[in-house]
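What follows is the content of upload.cif, which has mmCIF, C-alpha atoms:
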```cif
data_my_file
#
loop_
_atom_site.label_atom_id
_atom_site.label_comp_id
_atom_site.auth_asym_id
_atom_site.auth_seq_id
_atom_site.Cartn_x
_atom_site.Cartn_y
_atom_site.Cartn_z
CA MET A 1 -33.59 -24.12 -51.05
CA ARG A 2 -30.21 -24.72 -52.68
CA ARG A 3 -31.88 -26.80 -55.37
CA LEU A 4 -34.38 -24.02 -56.02
CA LEU A 5 -31.60 -21.45 -56.39
CA ALA A 6 -29.71 -23.71 -58.78
CA SER A 7 -32.84 -24.14 -60.87
CA ALA A 8 -33.42 -20.37 -60.95
CA ALA A 9 -29.80 -19.77 -62.04
CA LEU A 10 -30.15 -22.37 -64.79
CA LEU A 11 -33.41 -20.81 -66.00
CA ALA A 12 -31.84 -17.33 -66.01
CA SER A 13 -28.88 -18.53 -68.08
CA LEU A 14 -31.26 -20.21 -70.53
CA LEU A 15 -33.30 -17.03 -70.88
CA ALA A 16 -30.16 -14.98 -71.45
CA ALA A 17 -29.32 -17.27 -74.36
CA CYS A 18 -32.70 -16.44 -75.91
CA GLU A 19 -31.78 -12.77 -76.29
CA THR A 20 -33.18 -11.45 -79.57
CA THR A 21 -30.96 -9.83 -82.17
CA PRO A 22 -31.09 -6.02 -82.10
CA GLU A 23 -33.23 -4.15 -84.63
CA LEU A 24 -31.42 -3.26 -87.84
CA THR A 25 -30.87 0.42 -88.54
CA PRO A 26 -32.21 2.01 -91.78
CA THR A 27 -28.64 2.13 -93.12
CA GLN A 28 -28.18 -1.59 -92.44
CA TRP A 29 -31.49 -2.38 -94.16
CA GLU A 30 -30.42 -0.31 -97.15
CA ALA A 31 -27.11 -2.15 -97.38
CA ILE A 32 -28.83 -5.55 -97.24
CA GLU A 33 -31.51 -4.66 -99.78
CA THR A 34 -29.61 -2.59 -102.35
CA ARG A 35 -27.61 -3.85 -105.32
CA ARG A 36 -25.94 -2.05 -108.23
CA VAL A 37 -27.09 -2.91 -111.78
CA ASP A 38 -25.44 -1.70 -114.99
CA GLY A 39 -28.00 -0.15 -117.30
CA LYS A 40 -30.56 2.60 -117.73
CA ARG A 41 -33.25 3.00 -115.10
CA ASP A 42 -36.10 2.20 -117.51
CA GLN A 43 -34.44 -1.04 -118.67
CA VAL A 44 -33.72 -2.14 -115.10
CA LEU A 45 -37.27 -1.35 -113.96
CA ARG A 46 -38.81 -3.24 -116.88
CA ALA A 47 -36.55 -6.25 -116.24
CA ALA A 48 -37.38 -6.12 -112.51
CA SER A 49 -41.11 -6.07 -113.34
CA ALA A 50 -40.66 -9.16 -115.50
CA VAL A 51 -38.79 -10.97 -112.71
CA VAL A 52 -41.55 -10.08 -110.26
CA LEU A 53 -44.00 -11.87 -112.58
CA ASP A 54 -41.59 -14.81 -113.01
CA ASP A 55 -41.56 -15.20 -109.22
CA GLY A 56 -45.36 -15.51 -109.09
CA TYR A 57 -46.21 -12.09 -107.68
CA TYR A 58 -48.99 -9.91 -109.05
CA PHE A 59 -48.60 -6.14 -109.44
CA ALA A 60 -50.26 -4.28 -106.58
CA ALA A 61 -48.95 -0.75 -107.25
CA SER A 62 -46.65 0.83 -109.80
CA ASP A 63 -45.22 4.28 -110.45
CA PHE A 64 -42.81 4.24 -113.37
CA ALA A 65 -41.84 7.91 -112.98
CA ALA A 66 -40.84 7.30 -109.37
CA GLY A 67 -39.22 3.95 -110.18
CA THR A 68 -41.26 2.02 -107.63
CA LEU A 69 -43.19 -1.19 -107.92
CA THR A 70 -45.05 -3.20 -105.28
CA ALA A 71 -46.26 -6.72 -105.88
CA ALA A 72 -47.94 -9.39 -103.78
CA LYS A 73 -48.28 -13.14 -103.55
CA VAL A 74 -50.82 -15.13 -101.54
CA PRO A 75 -49.28 -17.99 -99.52
CA SER A 76 -51.14 -21.28 -100.02
CA THR A 77 -52.17 -21.27 -96.34
CA GLN A 78 -53.91 -17.92 -96.82
CA GLN A 79 -55.83 -18.73 -99.98
CA ASP A 80 -59.16 -19.23 -98.18
CA ALA A 81 -58.70 -15.99 -96.22
CA PHE A 82 -57.88 -14.21 -99.49
CA GLN A 83 -61.10 -15.49 -101.08
CA ARG A 84 -63.21 -14.57 -98.06
CA SER A 85 -61.77 -11.10 -97.58
CA GLY A 86 -62.43 -9.65 -101.02
CA GLY A 87 -59.48 -10.80 -103.15
CA MET A 88 -56.81 -8.26 -104.07
CA THR A 89 -58.68 -5.42 -102.38
CA GLY A 90 -59.09 -7.42 -99.17
CA HIS A 91 -56.94 -7.52 -96.07
CA SER A 92 -55.72 -11.11 -95.84
CA PRO A 93 -52.05 -11.54 -94.86
CA ILE A 94 -49.91 -11.79 -97.97
CA ASP A 95 -46.26 -11.78 -99.01
CA MET A 96 -45.08 -8.52 -100.57
CA ILE A 97 -42.11 -7.41 -102.60
CA SER A 98 -41.24 -3.75 -103.15
CA ILE A 99 -38.82 -2.54 -105.81
CA TRP A 100 -37.18 0.84 -106.09
CA VAL A 101 -34.87 1.68 -109.00
CA VAL A 102 -32.87 4.91 -109.07
CA GLN A 103 -30.34 6.00 -111.70
CA ALA A 104 -27.15 6.20 -109.62
CA ASP A 105 -24.82 7.42 -112.38
CA PRO A 106 -25.01 7.58 -116.21
CA VAL A 107 -24.27 3.87 -116.62
CA SER A 108 -25.74 2.17 -113.57
CA CYS A 109 -28.70 2.09 -111.22
CA SER A 110 -29.28 1.17 -107.63
CA LEU A 111 -31.90 -1.53 -107.22
CA ARG A 112 -33.55 -1.88 -103.82
CA VAL A 113 -35.58 -4.99 -103.13
CA GLN A 114 -37.63 -5.28 -99.97
CA TYR A 115 -39.42 -8.45 -98.91
CA ARG A 116 -42.27 -8.61 -96.40
CA ASP A 117 -43.71 -12.01 -95.59
CA PHE A 118 -46.99 -11.86 -93.62
CA GLY A 119 -46.20 -8.21 -92.91
CA THR A 120 -42.78 -8.98 -91.40
CA HIS A 121 -39.80 -7.19 -92.89
CA ILE A 122 -37.44 -9.93 -94.08
CA SER A 123 -33.69 -9.56 -93.85
CA SER A 124 -32.42 -11.95 -96.52
CA PRO A 125 -29.38 -10.97 -98.57
CA GLU A 126 -29.71 -14.33 -100.37
CA ARG A 127 -33.20 -13.54 -101.69
CA VAL A 128 -32.14 -10.04 -102.72
CA SER A 129 -29.08 -11.42 -104.52
CA ALA A 130 -31.19 -14.07 -106.28
CA PHE A 131 -33.58 -11.36 -107.47
CA TRP A 132 -30.68 -9.16 -108.58
CA THR A 133 -29.19 -12.05 -110.58
CA ALA A 134 -32.56 -12.74 -112.23
CA VAL A 135 -32.89 -9.06 -113.18
CA GLN A 136 -29.48 -9.11 -114.83
CA ARG A 137 -30.37 -12.30 -116.71
CA ARG A 138 -33.57 -10.66 -117.93
CA MET A 139 -31.60 -7.63 -119.11
CA LEU A 140 -29.15 -9.82 -120.99
CA LYS A 141 -32.07 -11.60 -122.64
CA ASP A 142 -33.59 -8.25 -123.66
CA GLN A 143 -30.29 -7.05 -125.09
CA ALA A 144 -30.01 -10.27 -127.05
CA GLY A 145 -33.18 -9.21 -128.84
CA GLY A 146 -35.64 -11.54 -127.16
CA ALA A 147 -39.02 -10.69 -125.72
CA PRO A 148 -39.13 -9.43 -122.09
CA MET B 1 -44.02 -58.72 -96.02
CA LYS B 2 -40.24 -58.53 -95.56
CA PRO B 3 -38.62 -55.15 -94.78
CA ALA B 4 -36.61 -55.32 -98.01
CA SER B 5 -39.70 -55.67 -100.18
CA LEU B 6 -41.36 -52.87 -98.18
CA LEU B 7 -38.38 -50.65 -98.97
CA VAL B 8 -38.57 -51.51 -102.67
CA ALA B 9 -42.30 -50.72 -102.70
CA ALA B 10 -41.72 -47.41 -100.93
CA GLY B 11 -38.96 -46.54 -103.39
CA LEU B 12 -41.22 -47.25 -106.35
CA LEU B 13 -43.99 -45.10 -104.85
CA LEU B 14 -41.59 -42.22 -104.24
CA ALA B 15 -40.26 -42.48 -107.79
CA GLY B 16 -43.83 -41.99 -108.97
CA CYS B 17 -44.04 -38.75 -106.98
CA GLU B 18 -41.28 -37.09 -108.99
CA ALA B 19 -42.13 -33.39 -109.31
CA THR B 20 -41.93 -31.58 -112.62
CA PRO B 21 -39.01 -29.13 -112.70
CA PRO B 22 -39.88 -25.40 -112.69
CA MET B 23 -40.04 -23.74 -116.10
CA THR B 24 -37.18 -21.63 -117.35
CA VAL B 25 -37.71 -17.97 -118.21
CA THR B 26 -37.57 -18.80 -121.92
CA GLN B 27 -40.21 -21.52 -121.54
CA LEU B 28 -42.45 -19.15 -119.56
CA ASP B 29 -42.09 -16.45 -122.21
CA ALA B 30 -42.88 -18.87 -125.00
CA LEU B 31 -46.24 -19.61 -123.39
CA GLN B 32 -47.13 -16.11 -122.22
CA VAL B 33 -45.51 -13.56 -124.52
CA ARG B 34 -46.94 -12.47 -127.85
CA GLU B 35 -45.68 -9.83 -130.24
CA VAL B 36 -47.99 -7.23 -131.65
CA GLU B 37 -47.52 -4.98 -134.68
CA ALA B 38 -48.29 -1.77 -132.81
CA PRO B 39 -46.39 0.76 -130.74
CA ALA B 40 -46.35 0.20 -126.98
CA ASP B 41 -48.95 2.87 -126.18
CA ARG B 42 -51.45 1.34 -128.61
CA ALA B 43 -50.71 -2.17 -127.41
CA PHE B 44 -51.28 -0.97 -123.83
CA ALA B 45 -54.60 0.62 -124.79
CA ALA B 46 -55.60 -2.63 -126.52
CA ALA B 47 -54.65 -4.63 -123.42
CA SER B 48 -56.75 -2.32 -121.22
CA GLY B 49 -59.65 -2.71 -123.63
CA ALA B 50 -59.27 -6.49 -123.61
CA LEU B 51 -59.43 -6.55 -119.80
CA PHE B 52 -62.64 -4.51 -119.86
CA ASP B 53 -64.13 -6.73 -122.59
CA ALA B 54 -63.32 -9.88 -120.59
CA GLY B 55 -65.01 -8.45 -117.49
CA TYR B 56 -61.96 -7.74 -115.36
CA GLN B 57 -61.84 -4.84 -112.92
CA VAL B 58 -58.57 -2.93 -113.36
CA HIS B 59 -56.69 -2.56 -110.06
CA VAL B 60 -53.29 -1.37 -111.33
CA SER B 61 -52.67 0.60 -114.50
CA ASP B 62 -49.31 2.21 -115.24
CA ALA B 63 -49.11 3.14 -118.91
CA ASP B 64 -45.48 4.36 -118.73
CA ALA B 65 -44.32 1.07 -117.25
CA GLY B 66 -46.73 -0.92 -119.42
CA LEU B 67 -48.18 -2.73 -116.39
CA LEU B 68 -51.77 -3.77 -115.78
CA THR B 69 -53.51 -5.87 -113.14
CA GLY B 70 -57.13 -6.86 -113.49
CA GLU B 71 -59.33 -9.03 -111.29
CA ARG B 72 -62.66 -10.74 -111.85
CA ARG B 73 -64.85 -12.24 -109.11
CA GLU B 74 -66.96 -15.31 -109.71
CA ASP B 75 -69.52 -16.28 -107.08
CA PRO B 76 -70.58 -19.92 -106.75
CA ALA B 77 -74.10 -20.87 -107.81
CA VAL B 78 -76.70 -20.65 -105.02
CA ALA B 79 -77.43 -24.38 -105.33
CA THR B 80 -73.73 -25.26 -105.00
CA ASN B 81 -73.36 -23.02 -101.99
CA ALA B 82 -76.47 -24.47 -100.33
CA ALA B 83 -75.19 -28.01 -100.93
CA VAL B 84 -71.80 -27.18 -99.37
CA VAL B 85 -73.47 -25.55 -96.33
CA ILE B 86 -75.83 -28.52 -95.77
CA LEU B 87 -73.15 -31.16 -96.28
CA SER B 88 -70.64 -29.43 -94.02
CA ALA B 89 -73.35 -29.03 -91.34
CA ILE B 90 -74.20 -32.74 -91.52
CA LEU B 91 -70.59 -33.95 -91.57
CA THR B 92 -69.48 -31.74 -88.67
CA ARG B 93 -72.79 -32.08 -86.77
CA GLY B 94 -73.28 -28.33 -86.98
CA ALA B 95 -69.92 -27.50 -85.40
CA GLY B 96 -68.07 -26.40 -88.54
CA THR B 97 -70.61 -25.23 -91.07
CA THR B 98 -68.94 -23.56 -93.99
CA ASP B 99 -69.86 -22.11 -97.36
CA LYS B 100 -68.04 -21.89 -100.68
CA PRO B 101 -66.14 -18.59 -101.01
CA PRO B 102 -66.08 -16.68 -104.31
CA ASP B 103 -63.27 -17.36 -106.79
CA TYR B 104 -61.00 -14.55 -107.94
CA TYR B 105 -59.48 -14.68 -111.41
CA ALA B 106 -56.75 -12.13 -112.09
CA VAL B 107 -54.25 -11.31 -114.79
CA CYS B 108 -51.11 -9.21 -114.87
CA ILE B 109 -50.07 -7.78 -118.22
CA GLN B 110 -46.69 -6.34 -119.13
CA VAL B 111 -46.39 -4.41 -122.39
CA MET B 112 -42.83 -3.76 -123.54
CA PRO B 113 -41.73 -1.65 -126.52
CA MET B 114 -39.55 -3.59 -128.96
CA THR B 115 -39.22 -1.14 -131.84
CA ALA B 116 -41.10 2.06 -132.74
CA ASP B 117 -44.06 0.10 -134.12
CA ARG B 118 -43.68 -3.27 -132.46
CA SER B 119 -44.30 -4.39 -128.87
CA SER B 120 -44.37 -7.52 -126.81
CA VAL B 121 -47.23 -8.37 -124.48
CA ARG B 122 -46.95 -10.80 -121.60
CA ILE B 123 -50.10 -12.14 -119.96
CA ARG B 124 -49.76 -13.90 -116.59
CA PRO B 125 -52.97 -15.43 -115.15
CA PHE B 126 -53.68 -15.88 -111.42
CA PHE B 127 -56.33 -17.86 -109.56
CA ASN B 128 -57.30 -16.89 -106.01
CA GLY B 129 -54.11 -14.89 -105.61
CA ARG B 130 -51.79 -17.67 -106.76
CA VAL B 131 -50.08 -17.75 -110.10
CA GLN B 132 -51.44 -20.38 -112.50
CA ALA B 133 -48.90 -22.75 -114.05
CA ALA B 134 -48.18 -21.35 -117.50
CA SER B 135 -48.65 -24.76 -119.10
CA SER B 136 -52.01 -25.44 -117.43
CA ALA B 137 -55.12 -25.50 -119.61
CA PRO B 138 -56.97 -22.70 -117.71
CA ALA B 139 -53.91 -20.41 -117.95
CA GLN B 140 -53.52 -21.02 -121.66
CA GLU B 141 -57.25 -20.47 -122.16
CA THR B 142 -57.04 -17.09 -120.39
CA VAL B 143 -54.00 -16.00 -122.42
CA LYS B 144 -55.74 -17.04 -125.63
CA GLU B 145 -58.98 -15.23 -124.73
CA LEU B 146 -57.23 -11.98 -123.83
CA TRP B 147 -54.94 -12.18 -126.80
CA THR B 148 -57.90 -12.57 -129.17
CA LEU B 149 -59.65 -9.60 -127.56
CA MET B 150 -56.47 -7.55 -127.78
CA GLN B 151 -55.99 -8.30 -131.45
CA ARG B 152 -59.58 -7.20 -132.03
CA GLN B 153 -58.87 -3.94 -130.21
CA VAL B 154 -55.70 -3.30 -132.23
CA LEU B 155 -57.50 -4.04 -135.50
CA MET B 156 -60.44 -1.83 -134.53
CA LYS B 157 -58.14 1.09 -133.89
CA GLU B 158 -56.01 0.49 -136.98
CA PRO B 159 -56.57 3.29 -139.54
CA TRP B 160 -58.59 2.03 -142.48
CA PRO B 161 -56.07 1.17 -145.27
CA ALA B 162 -58.06 3.05 -147.94
CA ALA B 163 -58.12 6.15 -145.77
CA LYS B 164 -54.36 6.09 -145.17
CA GLY B 165 -53.47 7.72 -148.49
CA LYS B 166 -56.08 10.47 -148.21
#
```

Using the file provided, produce a representation of the structure as structure tokens.
Amino acid sequence: MRRLLASAALLASLLAACETTPELTPTQWEAIETRRVDGKRDQVLRAASAVVLDDGYYFAASDFAAGTLTAAKVPSTQQDAFQRSGGMTGHSPIDMISIWVVQADPVSCSLRVQYRDFGTHISSPERVSAFWTAVQRRMLKDQAGGAP
Amino acid sequence: MKPASLLVAAGLLLAGCEATPPMTVTQLDALQVREVEAPADRAFAAASGALFDAGYQVHVSDADAGLLTGERREDPAVATNAAVVILSAILTRGAGTTDKPPDYYAVCIQVMPMTADRSSVRIRPFFNGRVQAASSAPAQETVKELWTLMQRQVLMKEPWPAAKGK
């Protein structure tokens, strides 16, 4: 009996260690996914669109007036499902990126980058920062007079 | 064989597996971006026309942003499909019969204004939802095909030089 109780206590302590992290609030998500970029909204949005292509995503939806862009990428494991479910108009699980650019003040914009892998909202400040850096590089390249 | 010689052999094999480094943005642009002597709206119209001419179905079109996505489905030949079904049935003893799914070719186009009468056009090809390596032969073939069709569209819509002065 004593051994059984000890085992139960051990199991309970192990389960307690498995406690999941609490859900992030919308404000926390915004903080993780938003970066400030110097420049006009149109320039930032065009640079962000170019980076989306650089990263291997294809455009799935775009509204320039609203400053939003959604793009998708098919993971290699889902390629067969993608082919069998009707391609881009199908319903196979894919990785998505959503961009939202808003003019924050006359000289800078807020850039929000949201990643969803297999439909799961990804909290990754590193990926957002990498995207933000790539957007700024693209903008510098544009200002230098190069192509997009 | 001695362990040391095994290690050397393994090392040589691994050295042969060296992956090519990913392309830089400048390298990507060099392969995918072309400049066109036309304002962005006309270049965008030409790109849309080129997609139609090449048989793509337009899924995304945002003229203000200069973005386009088109997709084209290619079904396998009936004979190929029948062969795959029969072979897979024989090899799996009927337990895992499969067919050959259709292939989806797609392109994303980004048109950017450079000056009032000059734009840049970037063409990025995809195959079955995955981006094609910019340096691969099929990707370059797609870019070339669309670019040729685009140029034709721009030329077709160019005002006739003799009529310009009238």

- prompt: CA of Val107 (chain A) and CA of Gly39 (chain A) are how many Å apart?
  reply: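 Pair CA of Val107 (chain A) / CA of Gly39 (chain A) returns 5.5 Å.
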
message: Using all atoms listed in the file and a cut-off of 7 Å, which residues of chain B sit close to chain A? Please list them as JSON, numbers by chain.
response: {"B": [60, 62, 64, 65, 69, 101, 102, 103, 104, 108, 112, 120, 128, 129, 130, 131]}

message: Here's the selection I'm unsure about, the PyMOL selection byres ((chain B and resi 53) around 12); applied to the file above, which residues does it give, as a ChimeraX atom specification?
response: /B:46-52,54-58,70,72,145-150,152-153

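The gap separating CA of His59 (chain B) from CA of Val107 (chain B) is 10.2 Å, in Å to one decimal.
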
field: Contacts of Val143 (chain B) at 10 Å (all atoms listed in the file; same-chain gap of 5+ positions) as a count of residues only
entry: 14

Step by step, work through what the PyMOL selection byres ((chain A and resi 117) around 12) selects in the shown file, and finish by giving those residues as a PDB file with C-alpha atoms, in the coordinates of the input.
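Below is the file out29.pdb, written as the result:
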```pdb
ATOM      1  CA  ALA A  71     -46.260  -6.720-105.880  1.00  0.00           C
ATOM      2  CA  ALA A  72     -47.940  -9.390-103.780  1.00  0.00           C
ATOM      3  CA  LYS A  73     -48.280 -13.140-103.550  1.00  0.00           C
ATOM      4  CA  VAL A  74     -50.820 -15.130-101.540  1.00  0.00           C
ATOM      5  CA  PRO A  75     -49.280 -17.990 -99.520  1.00  0.00           C
ATOM      6  CA  GLN A  78     -53.910 -17.920 -96.820  1.00  0.00           C
ATOM      7  CA  PRO A  93     -52.050 -11.540 -94.860  1.00  0.00           C
ATOM      8  CA  ILE A  94     -49.910 -11.790 -97.970  1.00  0.00           C
ATOM      9  CA  ASP A  95     -46.260 -11.780 -99.010  1.00  0.00           C
ATOM     10  CA  MET A  96     -45.080  -8.520-100.570  1.00  0.00           C
ATOM     11  CA  ILE A  97     -42.110  -7.410-102.600  1.00  0.00           C
ATOM     12  CA  SER A  98     -41.240  -3.750-103.150  1.00  0.00           C
ATOM     13  CA  GLN A 114     -37.630  -5.280 -99.970  1.00  0.00           C
ATOM     14  CA  TYR A 115     -39.420  -8.450 -98.910  1.00  0.00           C
ATOM     15  CA  ARG A 116     -42.270  -8.610 -96.400  1.00  0.00           C
ATOM     16  CA  PHE A 118     -46.990 -11.860 -93.620  1.00  0.00           C
ATOM     17  CA  GLY A 119     -46.200  -8.210 -92.910  1.00  0.00           C
ATOM     18  CA  THR A 120     -42.780  -8.980 -91.400  1.00  0.00           C
ATOM     19  CA  HIS A 121     -39.800  -7.190 -92.890  1.00  0.00           C
ATOM     20  CA  ILE A 122     -37.440  -9.930 -94.080  1.00  0.00           C
ATOM     21  CA  SER A 123     -33.690  -9.560 -93.850  1.00  0.00           C
ATOM     22  CA  SER A 124     -32.420 -11.950 -96.520  1.00  0.00           C
TER      23      SER A 124
END
```

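Relative to CA of Val128 (chain A), CA of Leu111 (chain A) is found at 9.6 Å.
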
task: Give me the result of the PyMOL selection byres ((chain B and resi 22) around 12) on this file, residue by residue, as an MDAnalysis selection string.
output: (chainID A and resid 54:56) or (chainID B and resid 19:21 23:28 133:135)
